[in-house]
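Taking it in order: structure first as structure tokens, then the write-up.
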Amino acid sequence: MKIKQLQSLLQEKKIDLFLAASIDFERPDPELTYFTNFRSVGVLAIPKKGKPLLVVPQMEAKAAKAAKNNKVQVVFPKEKKPLLTFLAEQFKKQKINPKKIALNNTEVTLQLKDILKKTFKASFVDLGPQLATLRATKTKEEIAIIKQGYKISDTIFEKGIKQFKKGKTETDIAAFFEYEAKKQGCDLAFPVIVASGKRAAEVHHVPIKKRLLQGFCVIDFGIKHKNYCTDTTRTVFLGTPSKKEIQIYNRVLEAQKKAISSCKPQAQASKIVEQVNKDLGAYAELFTHGLGHGFGIKIHEQPNLKPDSKEVLEENMLVTIEPGIYKDFGIRIEDGVLITKTGHEILSKFPKKLLAIR
């Protein structure tokens, strides 16, 4: 998306080009996807000046060109040849001799780095932190895609909640959410969490093929729509909640709402976390994870909302706000929030009032 900004950064740091490589269909490089809209095997080279080059296998050429990014030139070897070798040949033809190449070390395996060092006689530098900061604020196009993703996600939530009345297992419910996402042409942003009863006390519970337990049930679900993630969590109650259980749920809900109301440009992430802990009162010690995180091409991006966070919210950032408490039960409520010029916009619209399913 922000190719010009990246090229300015390369020029500032006197780096010849940036390389991103997806060598596995199951693990596409997020930077390659971000800059090309293409999510498969390929190698992306973005020089400090000029048009970026995307090298793909011949069988992927049509899909790469259909990704609709006119700022990137797509090429492919007509004979069987390693993509990096072919890229090196393209550099030679164009009289490009990079001496300093930037990578995102968090996305580069040791095997790939070894191949890069053998293919290119250059020094390599890590640009991962700068790239994370670059992606932290979203463009109008990205925001439009993500908003559409939330509309799809909300529709799936509405359908999914109705499945609980049929007395199914956790895996049945999780499979339904995944099936509906696939029907809409979307992938999952992460494995669906359906955690009922005492199992809801596990923050990242893996659904099991056992009947749903009575009590609070956490559903954490997100899709990947046009390569961009959504992330929503709702907690319902299976059975009839007591007054105490309703009070505890509403304590979390009010803390979440108040935290969202604090989301605006120049708000300090750590201050919002501090406020939530104060609002949870005695339950704060049962809040065992971060308050939220940025999201976009990846489900976890900058900024991070943790007690020791130094980050400040900016216009066009996207964050989740997801306080939770966990003991012999679990409650978590999460929304995706867009930071606007004067405040915020909640992207997940599915209702948050405690729903009792009897």
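Residues in the structure tokens are named by chain (A, B, ... in the order shown) and by number from 1 within that chain; ligands are numbered from 1 in the order shown.
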Exercise. Hey, what's within 12 Å of segment 281-289 of chain A if we count only C-alpha atoms and toss same-chain stuff fewer than 2 positions away? As JSON, numbers by chain, please?
Worked result: {"A": [201, 202, 203, 204, 247, 248, 249, 251, 252, 254, 255, 273, 274, 275, 276, 277, 278, 279, 291, 292, 293, 304, 305, 306, 307, 321, 322, 323, 324, 325, 326, 327, 328, 329, 330, 331, 332, 333]}
With C-alpha atoms retained, could you export that selection as a tab-separated table (two decimals), in the first residue's frame?
chain	number	residue	atom	x	y	z
A	201	ALA	CA	-11.37	-19.62	31.93
A	202	GLU	CA	-8.77	-20.62	29.32
A	203	VAL	CA	-7.99	-17.45	27.36
A	204	HIS	CA	-7.01	-19.33	24.19
A	247	GLN	CA	-23.34	-7.93	37.74
A	248	ILE	CA	-19.91	-9.39	36.95
A	249	TYR	CA	-20.62	-9.38	33.21
A	251	ARG	CA	-18.70	-4.77	35.26
A	252	VAL	CA	-16.58	-6.00	32.35
A	254	GLU	CA	-18.85	-1.01	31.44
A	255	ALA	CA	-15.06	-1.13	31.71
A	273	VAL	CA	-5.11	0.03	30.41
A	274	GLU	CA	-4.66	1.68	33.80
A	275	GLN	CA	-8.22	3.00	33.61
A	276	VAL	CA	-9.65	-0.46	32.82
A	277	ASN	CA	-7.84	-2.04	35.77
A	278	LYS	CA	-9.25	0.65	38.02
A	279	ASP	CA	-12.77	0.13	36.67
A	291	LEU	CA	-6.21	-4.86	26.77
A	292	GLY	CA	-5.86	-4.95	23.00
A	293	HIS	CA	-3.72	-4.75	19.89
A	304	ASN	CA	-0.05	-2.76	21.77
A	305	LEU	CA	-2.30	-1.83	24.68
A	306	LYS	CA	-0.42	-3.11	27.71
A	307	PRO	CA	0.47	-1.57	31.10
A	321	ILE	CA	-10.44	-3.30	23.14
A	322	GLU	CA	-10.94	-6.64	24.91
A	323	PRO	CA	-10.98	-6.70	28.70
A	324	GLY	CA	-11.66	-10.07	30.28
A	325	ILE	CA	-11.71	-11.84	33.62
A	326	TYR	CA	-10.96	-15.51	34.20
A	327	LYS	CA	-11.38	-17.71	37.27
A	328	ASP	CA	-13.66	-20.77	37.31
A	329	PHE	CA	-15.50	-19.00	34.48
A	330	GLY	CA	-14.50	-16.64	31.68
A	331	ILE	CA	-15.84	-13.36	30.31
A	332	ARG	CA	-14.32	-11.39	27.43
A	333	ILE	CA	-15.87	-8.61	25.34
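Near Thr133 of chain A, within 9 Å and counting only C-alpha atoms, sit Gly128, Glu301, Gln302 and Pro303 of chain A; same-chain residues fewer than 5 positions away were not included.
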Prev. selection, N, CA and C atoms, output as a compact mmCIF listing (two decimals), in the first residue's frame:
# COMPACT_ATOMS: atom_id res chain seq x y z
N GLY A 128 12.20 -4.48 10.18
CA GLY A 128 10.94 -4.93 10.77
C GLY A 128 10.22 -3.89 11.62
N GLU A 301 -0.84 -6.46 15.31
CA GLU A 301 0.05 -5.42 14.79
C GLU A 301 0.20 -4.34 15.86
N GLN A 302 0.94 -3.30 15.53
CA GLN A 302 1.01 -2.14 16.41
C GLN A 302 -0.31 -1.36 16.30
N PRO A 303 -0.71 -0.66 17.38
CA PRO A 303 -0.05 -0.54 18.68
C PRO A 303 -0.46 -1.66 19.64
If you count only C-alpha atoms, which residues fall within 12 Å of Val206 of chain A, apart from same-chain ones fewer than 5 positions away, as a PDB file with C-alpha atoms, in the first residue's frame?
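Final output, around.pdb:
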ATOM      1  CA  GLU A 170     -17.944 -26.478  21.039  1.00  0.00           C
ATOM      2  CA  THR A 171     -16.435 -27.916  17.852  1.00  0.00           C
ATOM      3  CA  ALA A 174     -16.657 -23.354  15.820  1.00  0.00           C
ATOM      4  CA  PHE A 190      -7.252 -17.087  13.575  1.00  0.00           C
ATOM      5  CA  PRO A 191      -8.787 -20.366  14.812  1.00  0.00           C
ATOM      6  CA  VAL A 192     -12.299 -19.825  16.214  1.00  0.00           C
ATOM      7  CA  ILE A 193     -12.525 -19.931  19.999  1.00  0.00           C
ATOM      8  CA  VAL A 194     -15.685 -21.367  21.559  1.00  0.00           C
ATOM      9  CA  ALA A 195     -15.145 -21.862  25.298  1.00  0.00           C
ATOM     10  CA  SER A 196     -18.069 -22.813  27.526  1.00  0.00           C
ATOM     11  CA  ARG A 199     -13.413 -24.005  29.901  1.00  0.00           C
ATOM     12  CA  ALA A 200     -14.011 -20.284  29.277  1.00  0.00           C
ATOM     13  CA  ALA A 201     -11.366 -19.617  31.933  1.00  0.00           C
ATOM     14  CA  VAL A 218     -16.806 -16.997  25.086  1.00  0.00           C
ATOM     15  CA  ILE A 219     -16.853 -16.809  21.279  1.00  0.00           C
ATOM     16  CA  ASP A 220     -13.759 -15.178  19.731  1.00  0.00           C
TER      17      ASP A 220
END
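Comparing the minimum interatomic distances between Pro57 of chain A and each of A:Val72, A:Leu213, A:Leu83, A:Cys229, counting only C-alpha atoms, we find that A:Leu83 sits nearest.
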For this session: Pick out the residues sitting within 9 Å of Val108 of chain A, and hand them over as a count of residues only; count only C-alpha atoms, and ignore anything fewer than 4 positions along from it in its own chain.
Result: 7
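The neighbours of Pro98 of chain A here are the residues that come within 9 Å of it, using only C-alpha atoms and leaving out any residue fewer than 2 positions away in the same chain; they are Ile15, Asp16, Leu17, Pro47, Phe91, Ile96, Lys100, Ile101, Phe120, Lys121, Ala122 and Ser123 of chain A.
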Emit the selected residues as a tab-separated table (two decimals), in the first residue's frame, including N, CA and C atoms.
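Printed below is out-v4.tsv as written:
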chain	number	residue	atom	x	y	z
A	15	ILE	N	19.54	2.56	1.91
A	15	ILE	CA	19.35	1.13	1.62
A	15	ILE	C	18.92	1.02	0.16
A	16	ASP	N	19.50	0.07	-0.56
A	16	ASP	CA	19.23	-0.04	-2.00
A	16	ASP	C	17.84	-0.59	-2.31
A	17	LEU	N	17.42	-1.58	-1.55
A	17	LEU	CA	16.08	-2.14	-1.80
A	17	LEU	C	15.60	-2.97	-0.62
A	47	PRO	N	12.82	-1.30	-4.88
A	47	PRO	CA	14.05	-0.49	-4.89
A	47	PRO	C	13.78	0.88	-4.26
A	91	PHE	N	17.97	-8.42	-12.01
A	91	PHE	CA	18.81	-7.32	-11.52
A	91	PHE	C	19.99	-7.09	-12.47
A	96	ILE	N	21.17	-3.52	-11.94
A	96	ILE	CA	20.94	-3.22	-10.53
A	96	ILE	C	21.90	-4.06	-9.70
A	100	LYS	N	23.14	-3.02	-0.22
A	100	LYS	CA	22.50	-3.05	1.10
A	100	LYS	C	21.02	-3.36	0.91
A	101	ILE	N	20.57	-4.48	1.49
A	101	ILE	CA	19.21	-4.96	1.31
A	101	ILE	C	18.50	-5.03	2.66
A	120	PHE	N	22.69	-13.05	-3.19
A	120	PHE	CA	23.03	-11.64	-3.35
A	120	PHE	C	24.27	-11.29	-2.52
A	121	LYS	N	25.25	-10.74	-3.16
A	121	LYS	CA	26.47	-10.33	-2.46
A	121	LYS	C	26.24	-8.94	-1.87
A	122	ALA	N	25.50	-8.92	-0.78
A	122	ALA	CA	25.12	-7.64	-0.17
A	122	ALA	C	25.08	-7.81	1.35
A	123	SER	N	24.99	-6.68	2.03
A	123	SER	CA	24.77	-6.71	3.47
A	123	SER	C	23.26	-6.61	3.71
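The residue set within 12 Å of Lys166 of chain A, counting only C-alpha atoms and dropping same-chain residues fewer than 3 places from it, reads A:Gly160, A:Ile161, A:Lys162, A:Gln163, A:Thr169, A:Glu170, A:Asp172, A:Ile173, A:Arg211, A:Leu212, A:Leu238, A:Ile357, A:Arg358.
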Any chance you can output those residues with C-alpha atoms as an mmCIF file, in the first residue's frame?
data_model
loop_
_atom_site.group_PDB
_atom_site.id
_atom_site.type_symbol
_atom_site.label_atom_id
_atom_site.label_comp_id
_atom_site.auth_asym_id
_atom_site.auth_seq_id
_atom_site.Cartn_x
_atom_site.Cartn_y
_atom_site.Cartn_z
ATOM 1 C CA GLY A 160 -23.721 -18.414 14.785
ATOM 2 C CA ILE A 161 -25.401 -17.388 18.032
ATOM 3 C CA LYS A 162 -28.610 -19.094 16.866
ATOM 4 C CA GLN A 163 -26.738 -22.406 16.671
ATOM 5 C CA THR A 169 -20.630 -29.177 20.992
ATOM 6 C CA GLU A 170 -17.944 -26.478 21.039
ATOM 7 C CA ASP A 172 -19.855 -27.861 16.148
ATOM 8 C CA ILE A 173 -20.239 -24.146 16.853
ATOM 9 C CA ARG A 211 -21.389 -30.737 24.714
ATOM 10 C CA LEU A 212 -21.535 -27.086 25.633
ATOM 11 C CA LEU A 238 -25.971 -20.763 28.457
ATOM 12 C CA ILE A 357 -29.619 -18.828 25.791
ATOM 13 C CA ARG A 358 -31.949 -21.288 27.475
#
Exercise. Which of segment 167-284 of chain A counts as alpha helix (DSSP H) under DSSP, as a ChimeraX atom specification please?
Worked result: /A:170-183,243-261,269-280
Just the selected residues (N, CA and C atoms), exported as a tab-separated table (two decimals), in the first residue's frame, please.
chain	number	residue	atom	x	y	z
A	170	GLU	N	-18.78	-27.64	21.36
A	170	GLU	CA	-17.94	-26.48	21.04
A	170	GLU	C	-17.41	-26.57	19.61
A	171	THR	N	-16.98	-27.76	19.20
A	171	THR	CA	-16.44	-27.92	17.85
A	171	THR	C	-17.51	-27.71	16.79
A	172	ASP	N	-18.76	-28.09	17.09
A	172	ASP	CA	-19.85	-27.86	16.15
A	172	ASP	C	-20.05	-26.36	15.90
A	173	ILE	N	-20.04	-25.60	16.97
A	173	ILE	CA	-20.24	-24.15	16.85
A	173	ILE	C	-19.07	-23.51	16.11
A	174	ALA	N	-17.84	-23.90	16.48
A	174	ALA	CA	-16.66	-23.35	15.82
A	174	ALA	C	-16.67	-23.68	14.33
A	175	ALA	N	-17.05	-24.91	13.99
A	175	ALA	CA	-17.09	-25.33	12.59
A	175	ALA	C	-18.13	-24.53	11.81
A	176	PHE	N	-19.25	-24.21	12.46
A	176	PHE	CA	-20.28	-23.41	11.79
A	176	PHE	C	-19.75	-22.03	11.44
A	177	PHE	N	-19.06	-21.39	12.40
A	177	PHE	CA	-18.49	-20.06	12.14
A	177	PHE	C	-17.50	-20.13	10.98
A	178	GLU	N	-16.65	-21.15	10.98
A	178	GLU	CA	-15.66	-21.30	9.90
A	178	GLU	C	-16.34	-21.54	8.56
A	179	TYR	N	-17.36	-22.38	8.55
A	179	TYR	CA	-18.10	-22.68	7.32
A	179	TYR	C	-18.74	-21.43	6.74
A	180	GLU	N	-19.35	-20.62	7.61
A	180	GLU	CA	-20.00	-19.39	7.14
A	180	GLU	C	-18.98	-18.40	6.59
A	181	ALA	N	-17.79	-18.36	7.20
A	181	ALA	CA	-16.74	-17.48	6.68
A	181	ALA	C	-16.34	-17.92	5.28
A	182	LYS	N	-16.17	-19.23	5.10
A	182	LYS	CA	-15.79	-19.76	3.79
A	182	LYS	C	-16.88	-19.49	2.75
A	183	LYS	N	-18.14	-19.58	3.16
A	183	LYS	CA	-19.25	-19.30	2.25
A	183	LYS	C	-19.19	-17.86	1.73
A	243	LYS	N	-28.10	-13.07	39.55
A	243	LYS	CA	-27.89	-11.62	39.64
A	243	LYS	C	-26.41	-11.30	39.74
A	244	LYS	N	-25.67	-12.14	40.49
A	244	LYS	CA	-24.24	-11.92	40.66
A	244	LYS	C	-23.52	-12.06	39.33
A	245	GLU	N	-23.87	-13.07	38.55
A	245	GLU	CA	-23.24	-13.29	37.26
A	245	GLU	C	-23.53	-12.14	36.29
A	246	ILE	N	-24.75	-11.63	36.34
A	246	ILE	CA	-25.11	-10.47	35.50
A	246	ILE	C	-24.29	-9.25	35.92
A	247	GLN	N	-24.11	-9.07	37.22
A	247	GLN	CA	-23.34	-7.93	37.74
A	247	GLN	C	-21.88	-8.02	37.28
A	248	ILE	N	-21.31	-9.22	37.36
A	248	ILE	CA	-19.91	-9.39	36.95
A	248	ILE	C	-19.75	-9.09	35.46
A	249	TYR	N	-20.68	-9.62	34.66
A	249	TYR	CA	-20.62	-9.38	33.21
A	249	TYR	C	-20.70	-7.88	32.93
A	250	ASN	N	-21.65	-7.21	33.58
A	250	ASN	CA	-21.83	-5.77	33.33
A	250	ASN	C	-20.64	-4.96	33.80
A	251	ARG	N	-19.92	-5.46	34.79
A	251	ARG	CA	-18.70	-4.77	35.26
A	251	ARG	C	-17.65	-4.77	34.13
A	252	VAL	N	-17.52	-5.92	33.47
A	252	VAL	CA	-16.58	-6.00	32.35
A	252	VAL	C	-17.07	-5.14	31.19
A	253	LEU	N	-18.36	-5.20	30.92
A	253	LEU	CA	-18.92	-4.43	29.80
A	253	LEU	C	-18.73	-2.93	29.99
A	254	GLU	N	-19.00	-2.45	31.19
A	254	GLU	CA	-18.85	-1.01	31.44
A	254	GLU	C	-17.40	-0.59	31.36
A	255	ALA	N	-16.49	-1.44	31.82
A	255	ALA	CA	-15.06	-1.13	31.71
A	255	ALA	C	-14.64	-1.08	30.25
A	256	GLN	N	-15.19	-1.99	29.45
A	256	GLN	CA	-14.87	-2.01	28.02
A	256	GLN	C	-15.40	-0.75	27.32
A	257	LYS	N	-16.63	-0.39	27.63
A	257	LYS	CA	-17.24	0.81	27.01
A	257	LYS	C	-16.46	2.06	27.39
A	258	LYS	N	-16.05	2.16	28.64
A	258	LYS	CA	-15.31	3.34	29.09
A	258	LYS	C	-13.95	3.41	28.43
A	259	ALA	N	-13.31	2.25	28.25
A	259	ALA	CA	-12.01	2.22	27.57
A	259	ALA	C	-12.15	2.68	26.12
A	260	ILE	N	-13.21	2.22	25.46
A	260	ILE	CA	-13.44	2.64	24.07
A	260	ILE	C	-13.67	4.15	24.00
A	261	SER	N	-14.39	4.69	24.97
A	261	SER	CA	-14.66	6.14	24.97
A	261	SER	C	-13.38	6.95	25.11
A	269	ALA	N	-1.74	4.59	25.36
A	269	ALA	CA	-2.23	3.22	25.50
A	269	ALA	C	-2.18	2.76	26.96
A	270	SER	N	-1.08	3.06	27.64
A	270	SER	CA	-0.92	2.60	29.02
A	270	SER	C	-1.96	3.22	29.95
A	271	LYS	N	-2.36	4.46	29.67
A	271	LYS	CA	-3.36	5.13	30.50
A	271	LYS	C	-4.73	4.47	30.36
A	272	ILE	N	-5.05	4.01	29.14
A	272	ILE	CA	-6.33	3.33	28.93
A	272	ILE	C	-6.35	2.00	29.68
A	273	VAL	N	-5.22	1.30	29.67
A	273	VAL	CA	-5.11	0.03	30.41
A	273	VAL	C	-5.25	0.29	31.90
A	274	GLU	N	-4.60	1.32	32.38
A	274	GLU	CA	-4.66	1.68	33.80
A	274	GLU	C	-6.10	1.96	34.21
A	275	GLN	N	-6.82	2.65	33.34
A	275	GLN	CA	-8.22	3.00	33.61
A	275	GLN	C	-9.09	1.75	33.70
A	276	VAL	N	-8.87	0.79	32.81
A	276	VAL	CA	-9.65	-0.46	32.82
A	276	VAL	C	-9.41	-1.23	34.10
A	277	ASN	N	-8.15	-1.34	34.52
A	277	ASN	CA	-7.84	-2.04	35.77
A	277	ASN	C	-8.52	-1.39	36.97
A	278	LYS	N	-8.58	-0.07	36.94
A	278	LYS	CA	-9.25	0.65	38.02
A	278	LYS	C	-10.75	0.38	38.00
A	279	ASP	N	-11.33	0.36	36.80
A	279	ASP	CA	-12.77	0.13	36.67
A	279	ASP	C	-13.17	-1.30	37.02
A	280	LEU	N	-12.26	-2.25	36.81
A	280	LEU	CA	-12.56	-3.64	37.15
A	280	LEU	C	-12.46	-3.88	38.65
Exercise. So what do you get for atom CA of Lys68 of chain A versus atom CA of Glu89 of chain A, distance-wise?
Worked result: 25.3 Å
Problem set entry | Nearest to Lys80 of chain A, chosen from A:Lys151, A:Leu347, A:Met59, A:Thr342, with only C-alpha atoms counted in the distances | A:Met59
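Nearest-residue note for Leu9 of chain A: choosing from A:Val75, A:Ile143, A:Leu131, A:Val337, the minimum distance belongs to A:Leu131, counting only C-alpha atoms.
Among the candidates A:Lys264, A:Lys71, A:Lys147, A:Lys14, the residue lying nearest to Ile339 of chain A is A:Lys264 (atoms considered: only C-alpha atoms).
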For this session: Just the strand (DSSP E) stuff from segment 23-237 of chain A, please, per backbone DSSP, written as a PyMOL selection string.
Result: chain A and resi 42-47+53-55+73-75+100-103+123-126+187-188+193-196+215-221+223-225+228-229+232-237
